[in-house]
file upload.cif (mmCIF, C-alpha atoms)
data_query
loop_
_atom_site.label_atom_id
_atom_site.label_comp_id
_atom_site.auth_asym_id
_atom_site.auth_seq_id
_atom_site.Cartn_x
_atom_site.Cartn_y
_atom_site.Cartn_z
CA MET G 1289 -5.20 14.00 -6.36
CA ALA G 1290 -2.12 11.80 -6.23
CA THR G 1291 -1.77 8.31 -7.67
CA HIS G 1292 -0.84 5.36 -5.46
CA ALA G 1293 2.70 5.44 -6.83
CA GLU G 1294 3.00 9.16 -6.09
CA GLU G 1295 1.75 8.61 -2.55
CA ASN G 1296 4.37 5.90 -2.07
CA TYR G 1297 7.11 8.30 -3.14
CA LEU G 1298 5.82 11.07 -0.88
CA LYS G 1299 5.72 8.66 2.06
CA ALA G 1300 9.31 7.56 1.33
CA ILE G 1301 10.52 11.18 1.24
CA PHE G 1302 8.59 11.88 4.46
CA LYS G 1303 10.32 8.97 6.18
CA LEU G 1304 13.81 9.80 4.91
CA SER G 1305 13.57 13.54 5.58
CA GLY G 1306 12.79 13.08 9.27
CA ARG G 1307 10.96 15.52 11.49
CA HIS G 1308 13.06 18.47 10.25
CA ASN G 1309 12.24 17.95 6.55
CA ARG G 1310 15.88 17.49 5.51
CA ALA G 1311 16.74 17.31 1.82
CA VAL G 1312 16.74 13.73 0.53
CA SER G 1313 18.85 12.44 -2.36
CA THR G 1314 17.31 10.60 -5.30
CA ASN G 1315 19.69 7.69 -4.58
CA ALA G 1316 18.32 7.39 -1.04
CA ILE G 1317 14.76 7.35 -2.41
CA ALA G 1318 15.71 4.71 -4.97
CA GLU G 1319 17.22 2.54 -2.23
CA GLU G 1320 14.20 2.99 0.03
CA LEU G 1321 11.76 2.01 -2.72
CA GLN G 1322 14.09 -0.53 -4.32
CA THR G 1323 13.82 1.03 -7.75
CA LYS G 1324 16.14 2.62 -10.34
CA ALA G 1325 17.49 6.14 -9.92
CA SER G 1326 16.16 7.02 -13.38
CA SER G 1327 12.64 6.06 -12.27
CA VAL G 1328 13.00 8.30 -9.23
CA THR G 1329 14.12 11.23 -11.36
CA ASP G 1330 11.06 10.84 -13.60
CA MET G 1331 8.75 10.77 -10.59
CA MET G 1332 10.43 13.80 -9.01
CA LYS G 1333 9.58 15.82 -12.10
CA LYS G 1334 5.92 14.75 -11.84
CA LEU G 1335 5.71 15.56 -8.14
CA SER G 1336 7.42 18.90 -8.71
CA ASP G 1337 4.92 19.78 -11.45
CA LYS G 1338 2.12 19.06 -8.95
CA LYS G 1339 3.78 21.36 -6.39
CA LEU G 1340 4.22 18.45 -3.96
CA ILE G 1341 8.01 18.67 -3.68
CA HIS G 1342 10.87 21.12 -4.13
CA TYR G 1343 13.33 19.47 -6.48
CA LYS G 1344 16.59 20.69 -7.97
CA LYS G 1345 18.96 18.26 -9.61
CA TYR G 1346 21.94 17.36 -7.41
CA GLN G 1347 20.48 19.35 -4.47
CA GLY G 1348 18.02 16.80 -3.13
CA VAL G 1349 14.30 16.78 -2.56
CA THR G 1350 12.11 18.32 0.13
CA LEU G 1351 8.34 18.21 0.57
CA THR G 1352 6.25 21.32 0.03
CA ARG G 1353 3.60 22.13 2.64
CA LYS G 1354 1.02 20.48 0.39
CA GLY G 1355 3.24 17.44 -0.17
CA LYS G 1356 3.99 17.05 3.53
CA ALA G 1357 0.29 17.24 4.39
CA LEU G 1358 -0.52 14.53 1.86
CA ALA G 1359 2.38 12.31 2.98
CA THR G 1360 1.35 12.72 6.63
CA MET G 1361 -2.18 11.55 5.87
CA VAL G 1362 -0.89 8.47 4.02
CA VAL G 1363 1.32 7.68 7.02
CA ARG G 1364 -1.66 8.20 9.34
CA LYS G 1365 -3.77 5.72 7.38
CA HIS G 1366 -0.95 3.18 7.19
CA ARG G 1367 -0.31 3.22 10.93
CA LEU G 1368 -3.98 3.16 11.92
CA TRP G 1369 -4.52 0.12 9.73
CA GLU G 1370 -1.52 -1.56 11.35
CA VAL G 1371 -3.11 -1.05 14.78
CA PHE G 1372 -6.39 -2.49 13.49
CA LEU G 1373 -4.66 -5.54 11.98
CA VAL G 1374 -2.80 -6.36 15.20
CA ASP G 1375 -5.35 -5.36 17.84
CA LYS G 1376 -8.55 -6.49 16.14
CA LEU G 1377 -7.53 -9.18 13.63
CA ASN G 1378 -4.68 -10.71 15.65
CA PHE G 1379 -1.95 -10.37 13.03
CA LYS G 1380 1.64 -10.34 14.28
CA TRP G 1381 3.70 -7.17 13.99
CA ASP G 1382 5.93 -8.76 11.34
CA GLU G 1383 2.93 -9.60 9.10
CA ILE G 1384 1.20 -6.25 8.75
CA HIS G 1385 3.40 -3.88 6.74
CA GLU G 1386 2.48 -5.08 3.27
CA LEU G 1387 -1.22 -5.31 4.13
CA ALA G 1388 -1.18 -1.76 5.45
CA GLU G 1389 0.62 -0.67 2.26
CA GLN G 1390 -2.48 -1.73 0.34
CA LEU G 1391 -5.00 -0.25 2.78
CA GLU G 1392 -3.26 3.12 3.13
CA HIS G 1393 -4.51 4.25 -0.29
CA ILE G 1394 -8.20 4.20 0.70
CA GLU G 1395 -9.28 7.81 0.24
CA SER G 1396 -12.22 8.17 2.64
CA GLU G 1397 -11.32 10.64 5.39
CA ARG G 1398 -14.59 9.78 7.14
CA LEU G 1399 -13.63 6.10 7.27
CA MET G 1400 -10.25 6.92 8.81
CA ASP G 1401 -11.83 9.17 11.43
CA ARG G 1402 -14.25 6.36 12.33
CA LEU G 1403 -11.38 3.85 12.45
CA ASP G 1404 -9.38 6.18 14.71
CA GLN G 1405 -12.38 6.49 17.05
CA PHE G 1406 -13.04 2.72 16.97
CA LEU G 1407 -9.43 2.02 17.98
CA GLY G 1408 -9.57 4.53 20.86
CA TYR G 1409 -7.38 7.21 19.22
CA PRO G 1410 -4.06 5.32 19.47
CA LYS G 1411 -0.89 7.42 19.67
CA TYR G 1412 1.49 4.73 18.34
CA ASP G 1413 1.33 1.83 15.90
CA PRO G 1414 2.46 -1.73 16.76
CA HIS G 1415 6.06 -0.85 15.83
CA GLY G 1416 6.07 2.13 18.17
CA ASP G 1417 5.84 4.71 15.37
CA PRO G 1418 3.78 7.82 16.22
CA ILE G 1419 0.41 8.11 14.47
CA PRO G 1420 -0.38 11.59 13.08
CA ASP G 1421 -3.73 12.95 14.26
CA LYS G 1422 -6.38 14.15 11.81
CA ASN G 1423 -4.72 17.59 11.75
CA GLY G 1424 -1.31 16.15 10.90
CA ASN G 1425 0.26 16.66 14.33
CA ILE G 1426 2.81 14.00 15.32
CA ASP G 1427 4.18 13.21 18.78
CA HIS G 1428 7.69 12.10 17.77
CA HIS G 1429 9.94 9.88 19.85
CA LYS G 1430 13.10 11.42 21.17
CA ASP G 1431 15.96 10.33 18.91
CA GLU G 1432 17.42 8.11 21.63
CA THR G 1433 18.34 4.53 20.85
CA LEU G 1434 19.58 1.60 22.89
CA SER G 1435 23.08 2.25 21.49
CA ASP G 1436 23.05 5.71 23.15
CA LEU G 1437 22.73 4.26 26.65
CA ILE G 1438 25.79 3.79 28.82
CA VAL G 1439 26.57 1.11 31.39
CA GLY G 1440 24.12 1.38 34.28
CA ASP G 1441 21.41 3.14 32.28
CA GLU G 1442 17.90 1.72 32.37
CA GLY G 1443 15.30 2.20 29.67
CA VAL G 1444 12.22 0.75 28.01
CA ILE G 1445 11.96 -0.20 24.34
CA VAL G 1446 9.41 2.11 22.70
CA GLY G 1447 9.98 1.74 18.96
CA VAL G 1448 11.90 0.17 16.10
CA LYS G 1449 13.63 1.82 13.15
CA GLU G 1450 13.39 -1.20 10.86
CA HIS G 1451 10.14 -2.98 9.97
CA SER G 1452 11.46 -5.93 7.97
CA ALA G 1453 9.89 -9.26 8.88
CA ASP G 1454 13.34 -10.78 9.54
CA PHE G 1455 14.25 -8.09 12.05
CA LEU G 1456 10.90 -8.20 13.87
CA GLN G 1457 11.01 -11.99 14.03
CA TYR G 1458 14.51 -11.75 15.51
CA LEU G 1459 13.24 -9.34 18.19
CA ASP G 1460 10.36 -11.70 18.97
CA GLY G 1461 12.79 -14.60 19.23
CA VAL G 1462 15.00 -12.87 21.81
CA LYS G 1463 12.00 -11.25 23.56
CA LEU G 1464 13.30 -7.75 22.84
CA ILE G 1465 9.89 -6.25 22.09
CA LEU G 1466 8.06 -2.99 22.82
CA GLY G 1467 7.64 -2.40 26.52
CA THR G 1468 10.70 -4.46 27.50
CA ARG G 1469 12.70 -2.85 30.32
CA VAL G 1470 16.45 -3.16 29.90
CA VAL G 1471 19.52 -2.29 31.93
CA VAL G 1472 22.88 -1.92 30.20
CA LYS G 1473 25.39 -4.12 32.03
CA LYS G 1474 28.40 -3.95 29.71
CA ARG G 1475 29.59 -2.39 26.46
CA TYR G 1476 32.41 -3.97 24.43
CA ASP G 1477 34.90 -1.47 23.00
CA TYR G 1478 35.75 -3.74 20.08
CA ASP G 1479 32.37 -3.68 18.28
CA HIS G 1480 30.17 -1.61 20.66
CA SER G 1481 27.93 -4.58 21.33
CA LEU G 1482 26.00 -4.48 24.61
CA VAL G 1483 25.13 -6.91 27.34
CA ILE G 1484 21.69 -6.00 28.68
CA ASP G 1485 19.60 -7.35 31.52
CA MET G 1486 15.92 -7.96 30.82
CA GLY G 1487 14.36 -8.76 34.18
CA GLY G 1488 17.04 -11.20 35.27
CA GLU G 1489 17.83 -12.58 31.81
CA GLU G 1490 20.98 -11.30 30.11
CA LEU G 1491 21.29 -10.85 26.36
CA MET G 1492 24.13 -9.70 24.10
CA VAL G 1493 22.94 -7.22 21.49
CA SER G 1494 24.97 -6.14 18.47
CA ASP G 1495 25.54 -2.46 17.71
CA GLN G 1496 23.60 -2.95 14.47
CA VAL G 1497 20.52 -4.00 16.44
CA SER G 1498 20.88 -1.51 19.30
CA GLN G 1499 20.99 1.40 16.84
CA LYS G 1500 17.57 0.34 15.51
CA LEU G 1501 15.74 0.31 18.83
CA PHE G 1502 14.21 3.50 20.25
CA VAL G 1503 14.28 3.67 24.03
CA LYS G 1504 12.80 5.88 26.71
CA LYS G 1505 15.48 6.37 29.35
CA LEU G 1506 14.21 5.70 32.85
CA LYS G 1507 17.25 6.52 34.96
#

call {"tool": "encode", "arguments": {"input": "upload.cif", "output": "structure tokens"}}
result
Amino acid sequence: MATHAEENYLKAIFKLSGRHNRAVSTNAIAEELQTKASSVTDMMKKLSDKKLIHYKKYQGVTLTRKGKALATMVVRKHRLWEVFLVDKLNFKWDEIHELAEQLEHIESERLMDRLDQFLGYPKYDPHGDPIPDKNGNIDHHKDETLSDLIVGDEGVIVGVKEHSADFLQYLDGVKLILGTRVVVKKRYDYDHSLVIDMGGEELMVSDQVSQKLFVKKLK
């Protein structure tokens, strides 16, 4: 049994380690959770004692099989609740992260299975992130972002790398949301910003933004 705080750390390591379970530094965890490095070090010792992570000082942190399974289930609950909040309670996608952070710690596996069924077994949450199934399997996006496309490429926005309210509100404001089809019309050498066409409407997108948007290339 893990505490809420421990689950939050496991989820952060899961996110930072990516699909290949790369080693994550304590500084990266501290930045992700906006806490002190000393606090992270203390928690790493606790998680290591519980056999949830592999931790060696100065060598980074990886999840054990047990730790990854627990982190995956927390992520599953978080993303299912996000779907529920948007699809059934009409919250906006920039309003749901903190609410889902609270709901993700509900322990009932039966409740989550019922919620999954009620929602029609969704594959992705409102931000385009894949939802693990009850066995922990995840259908990851390809690591292709808008910034990877070249002039003439066409794609559809399928996910976002950043979930901050400011970023999501910006995307809403410029209508660059999930499902939007885009064609790259121009790339500026100076700062790698793009001019994209969205169904007859052109928009200039900074490199900072384009690197945070997952796309499915169409042609």

call {"tool": "closest_residue", "arguments": {"input": "upload.cif", "among": "G:Asp1401, G:Asp1441, G:Glu1489, G:Glu1450", "to": "G:Lys1473", "atoms": "all atoms listed in the file"}}
result
G:Asp1441

call {"tool": "closest_atom_pairs", "arguments": {"input": "upload.cif", "of": "stretch 1348-1431 of chain G", "to": "stretch 1464-1468 of chain G", "cutoff": "12 Å", "atoms": "all atoms listed in the file", "output": "JSON lines"}}
result
{"residue": "G:Trp1381", "atom": "CA", "partner": "G:Ile1465", "partner_atom": "CA", "distance": 10.2}
{"residue": "G:Asp1382", "atom": "CA", "partner": "G:Ile1465", "partner_atom": "CA", "distance": 11.7}
{"residue": "G:Tyr1412", "atom": "CA", "partner": "G:Leu1466", "partner_atom": "CA", "distance": 11.1}
{"residue": "G:Asp1413", "atom": "CA", "partner": "G:Leu1466", "partner_atom": "CA", "distance": 10.8}
{"residue": "G:Pro1414", "atom": "CA", "partner": "G:Leu1466", "partner_atom": "CA", "distance": 8.3}
{"residue": "G:His1415", "atom": "CA", "partner": "G:Leu1466", "partner_atom": "CA", "distance": 7.6}
{"residue": "G:Gly1416", "atom": "CA", "partner": "G:Leu1466", "partner_atom": "CA", "distance": 7.2}
{"residue": "G:Asp1417", "atom": "CA", "partner": "G:Leu1466", "partner_atom": "CA", "distance": 10.9}

call {"tool": "atom_distance", "arguments": {"input": "upload.cif", "atom1": "atom CA of G:Met1331", "atom2": "atom CA of G:Leu1387"}}
result
24.0 Å

call {"tool": "closest_residue", "arguments": {"input": "upload.cif", "among": "G:Thr1329, G:Ser1396, G:Thr1350, G:Thr1360", "to": "G:Lys1299", "atoms": "all atoms listed in the file"}}
result
G:Thr1360

call {"tool": "resolve_selection", "arguments": {"input": "upload.cif", "expression": "the PyMOL selection byres ((chain G and resi 1427) around 10)", "output": "number ranges by chain"}}
result
G: 1411-1412, 1417-1421, 1425-1426, 1428-1430

call {"tool": "resolve_selection", "arguments": {"input": "upload.cif", "expression": "the PyMOL selection byres ((chain G and resi 1371) around 10)", "output": "PyMOL selection string"}}
result
chain G and resi 1366-1370+1372-1379+1381+1384+1388+1403-1404+1407+1410+1412-1415+1419

call {"tool": "write_last_selection", "arguments": {"input": "upload.cif", "atoms": "C-alpha atoms", "output": "PDB file, keeping the file's coordinate frame"}}
result
ATOM      1  CA  HIS G1366      -0.950   3.180   7.190  1.00  0.00           C
ATOM      2  CA  ARG G1367      -0.310   3.220  10.930  1.00  0.00           C
ATOM      3  CA  LEU G1368      -3.980   3.160  11.920  1.00  0.00           C
ATOM      4  CA  TRP G1369      -4.520   0.120   9.730  1.00  0.00           C
ATOM      5  CA  GLU G1370      -1.520  -1.560  11.350  1.00  0.00           C
ATOM      6  CA  PHE G1372      -6.390  -2.490  13.490  1.00  0.00           C
ATOM      7  CA  LEU G1373      -4.660  -5.540  11.980  1.00  0.00           C
ATOM      8  CA  VAL G1374      -2.800  -6.360  15.200  1.00  0.00           C
ATOM      9  CA  ASP G1375      -5.350  -5.360  17.840  1.00  0.00           C
ATOM     10  CA  LYS G1376      -8.550  -6.490  16.140  1.00  0.00           C
ATOM     11  CA  LEU G1377      -7.530  -9.180  13.630  1.00  0.00           C
ATOM     12  CA  ASN G1378      -4.680 -10.710  15.650  1.00  0.00           C
ATOM     13  CA  PHE G1379      -1.950 -10.370  13.030  1.00  0.00           C
ATOM     14  CA  TRP G1381       3.700  -7.170  13.990  1.00  0.00           C
ATOM     15  CA  ILE G1384       1.200  -6.250   8.750  1.00  0.00           C
ATOM     16  CA  ALA G1388      -1.180  -1.760   5.450  1.00  0.00           C
ATOM     17  CA  LEU G1403     -11.380   3.850  12.450  1.00  0.00           C
ATOM     18  CA  ASP G1404      -9.380   6.180  14.710  1.00  0.00           C
ATOM     19  CA  LEU G1407      -9.430   2.020  17.980  1.00  0.00           C
ATOM     20  CA  PRO G1410      -4.060   5.320  19.470  1.00  0.00           C
ATOM     21  CA  TYR G1412       1.490   4.730  18.340  1.00  0.00           C
ATOM     22  CA  ASP G1413       1.330   1.830  15.900  1.00  0.00           C
ATOM     23  CA  PRO G1414       2.460  -1.730  16.760  1.00  0.00           C
ATOM     24  CA  HIS G1415       6.060  -0.850  15.830  1.00  0.00           C
ATOM     25  CA  ILE G1419       0.410   8.110  14.470  1.00  0.00           C
TER      26      ILE G1419
END

call {"tool": "closest_residue", "arguments": {"input": "upload.cif", "among": "G:Lys1365, G:His1393, G:Arg1475, G:His1292", "to": "G:Leu1437", "atoms": "only C-alpha atoms"}}
result
G:Arg1475

call {"tool": "axis_aligned_box", "arguments": {"input": "upload.cif", "around": "stretch 1303-1322 of chain G", "padding_each_side": "6 Å", "output": "lines of an AutoDock Vina configuration file"}}
result
center_x = 15.0
center_y = 9.0
center_z = 3.1
size_x = 21.4
size_y = 31.0
size_z = 28.8

call {"tool": "resolve_selection", "arguments": {"input": "upload.cif", "expression": "the PyMOL selection byres ((chain G and resi 1452) around 12)", "output": "ChimeraX atom specification"}}
result
/G:1381-1386,1415,1448-1451,1453-1459,1500

call {"tool": "closest_residue", "arguments": {"input": "upload.cif", "among": "G:Ile1445, G:Val1349, G:Val1503, G:Val1439", "to": "G:Ile1484", "atoms": "all atoms listed in the file"}}
result
G:Val1439

call {"tool": "closest_residue", "arguments": {"input": "upload.cif", "among": "G:Gly1443, G:Ala1359, G:Thr1433, G:Gln1322", "to": "G:Asp1495", "atoms": "all atoms listed in the file"}}
result
G:Thr1433

call {"tool": "atom_distance", "arguments": {"input": "upload.cif", "atom1": "atom CA of G:Val1312", "atom2": "atom CA of G:Ala1290"}}
result
20.1 Å

call {"tool": "closest_residue", "arguments": {"input": "upload.cif", "among": "G:Leu1391, G:Leu1358, G:Ala1311, G:Ala1316", "to": "G:Leu1298", "atoms": "only C-alpha atoms"}}
result
G:Leu1358

call {"tool": "atom_distance", "arguments": {"input": "upload.cif", "atom1": "atom CA of G:Met1361", "atom2": "atom CA of G:Asn1309"}}
result
15.8 Å

call {"tool": "residues_around", "arguments": {"input": "upload.cif", "residues": "G:Val1328", "least_positions_apart": "5", "cutoff": "8 Å", "atoms": "only C-alpha atoms", "output": "PDB file with C-alpha atoms, in the coordinates of the input"}}
result
ATOM      1  CA  THR G1314      17.310  10.600  -5.300  1.00  0.00           C
ATOM      2  CA  ILE G1317      14.760   7.350  -2.410  1.00  0.00           C
ATOM      3  CA  ALA G1318      15.710   4.710  -4.970  1.00  0.00           C
ATOM      4  CA  THR G1323      13.820   1.030  -7.750  1.00  0.00           C
TER       5      THR G1323
END

call {"tool": "residues_around", "arguments": {"input": "upload.cif", "residues": "G:Val1497", "least_positions_apart": "2", "cutoff": "9 Å", "atoms": "only C-alpha atoms", "output": "number ranges by chain"}}
result
G: 1434-1435, 1455, 1481, 1493-1495, 1499-1501

call {"tool": "decode", "arguments": {"input": "upload.cif", "residues": "stretch 1321-1386 of chain G", "atoms": "C-alpha atoms", "output": "compact mmCIF listing (two decimals), in the first residue's frame"}}
result
# COMPACT_ATOMS: atom_id res chain seq x y z
CA LEU G 1321 6.72 18.13 -8.41
CA GLN G 1322 7.92 21.63 -7.53
CA THR G 1323 9.60 20.51 -4.34
CA LYS G 1324 13.10 20.52 -2.82
CA ALA G 1325 15.76 18.04 -3.92
CA SER G 1326 16.26 17.02 -0.29
CA SER G 1327 12.58 16.06 -0.05
CA VAL G 1328 12.93 13.95 -3.18
CA THR G 1329 15.97 12.15 -1.76
CA ASP G 1330 14.05 11.28 1.41
CA MET G 1331 11.14 9.92 -0.61
CA MET G 1332 13.44 7.90 -2.88
CA LYS G 1333 14.75 6.07 0.17
CA LYS G 1334 11.18 5.23 1.26
CA LEU G 1335 10.18 4.02 -2.19
CA SER G 1336 13.36 1.98 -2.47
CA ASP G 1337 12.67 0.33 0.89
CA LYS G 1338 9.23 -0.65 -0.44
CA LYS G 1339 10.84 -2.15 -3.57
CA LEU G 1340 8.97 0.33 -5.80
CA ILE G 1341 12.06 1.91 -7.38
CA HIS G 1342 15.70 1.18 -8.11
CA TYR G 1343 17.68 4.04 -6.64
CA LYS G 1344 21.40 4.70 -6.44
CA LYS G 1345 22.70 8.12 -5.55
CA TYR G 1346 23.95 10.09 -8.58
CA GLN G 1347 22.75 7.34 -10.97
CA GLY G 1348 19.08 8.24 -11.21
CA VAL G 1349 15.86 6.42 -10.46
CA THR G 1350 13.94 3.74 -12.33
CA LEU G 1351 10.68 2.00 -11.44
CA THR G 1352 10.67 -1.65 -10.43
CA ARG G 1353 8.05 -3.90 -12.02
CA LYS G 1354 5.92 -3.44 -8.91
CA GLY G 1355 6.43 0.33 -8.94
CA LYS G 1356 5.61 0.62 -12.63
CA ALA G 1357 2.43 -1.40 -12.19
CA LEU G 1358 1.30 0.86 -9.35
CA ALA G 1359 2.21 4.05 -11.24
CA THR G 1360 0.35 2.80 -14.33
CA MET G 1361 -2.82 2.23 -12.32
CA VAL G 1362 -2.64 5.74 -10.82
CA VAL G 1363 -2.23 7.15 -14.34
CA ARG G 1364 -5.17 5.02 -15.52
CA LYS G 1365 -7.42 6.40 -12.79
CA HIS G 1366 -6.30 9.98 -13.41
CA ARG G 1367 -7.01 9.83 -17.13
CA LEU G 1368 -10.35 8.03 -16.79
CA TRP G 1369 -11.52 10.67 -14.34
CA GLU G 1370 -10.44 13.38 -16.78
CA VAL G 1371 -12.62 11.80 -19.48
CA PHE G 1372 -15.54 11.65 -17.04
CA LEU G 1373 -15.12 15.29 -16.01
CA VAL G 1374 -15.08 16.54 -19.61
CA ASP G 1375 -17.54 14.17 -21.27
CA LYS G 1376 -20.11 13.81 -18.50
CA LEU G 1377 -19.75 16.93 -16.32
CA ASN G 1378 -18.85 19.39 -19.08
CA PHE G 1379 -15.61 20.69 -17.59
CA LYS G 1380 -13.10 22.23 -19.99
CA TRP G 1381 -9.80 20.47 -20.65
CA ASP G 1382 -7.88 23.21 -18.83
CA GLU G 1383 -9.97 22.76 -15.64
CA ILE G 1384 -9.64 19.06 -14.95
CA HIS G 1385 -6.04 18.26 -13.99
CA GLU G 1386 -6.21 19.25 -10.34
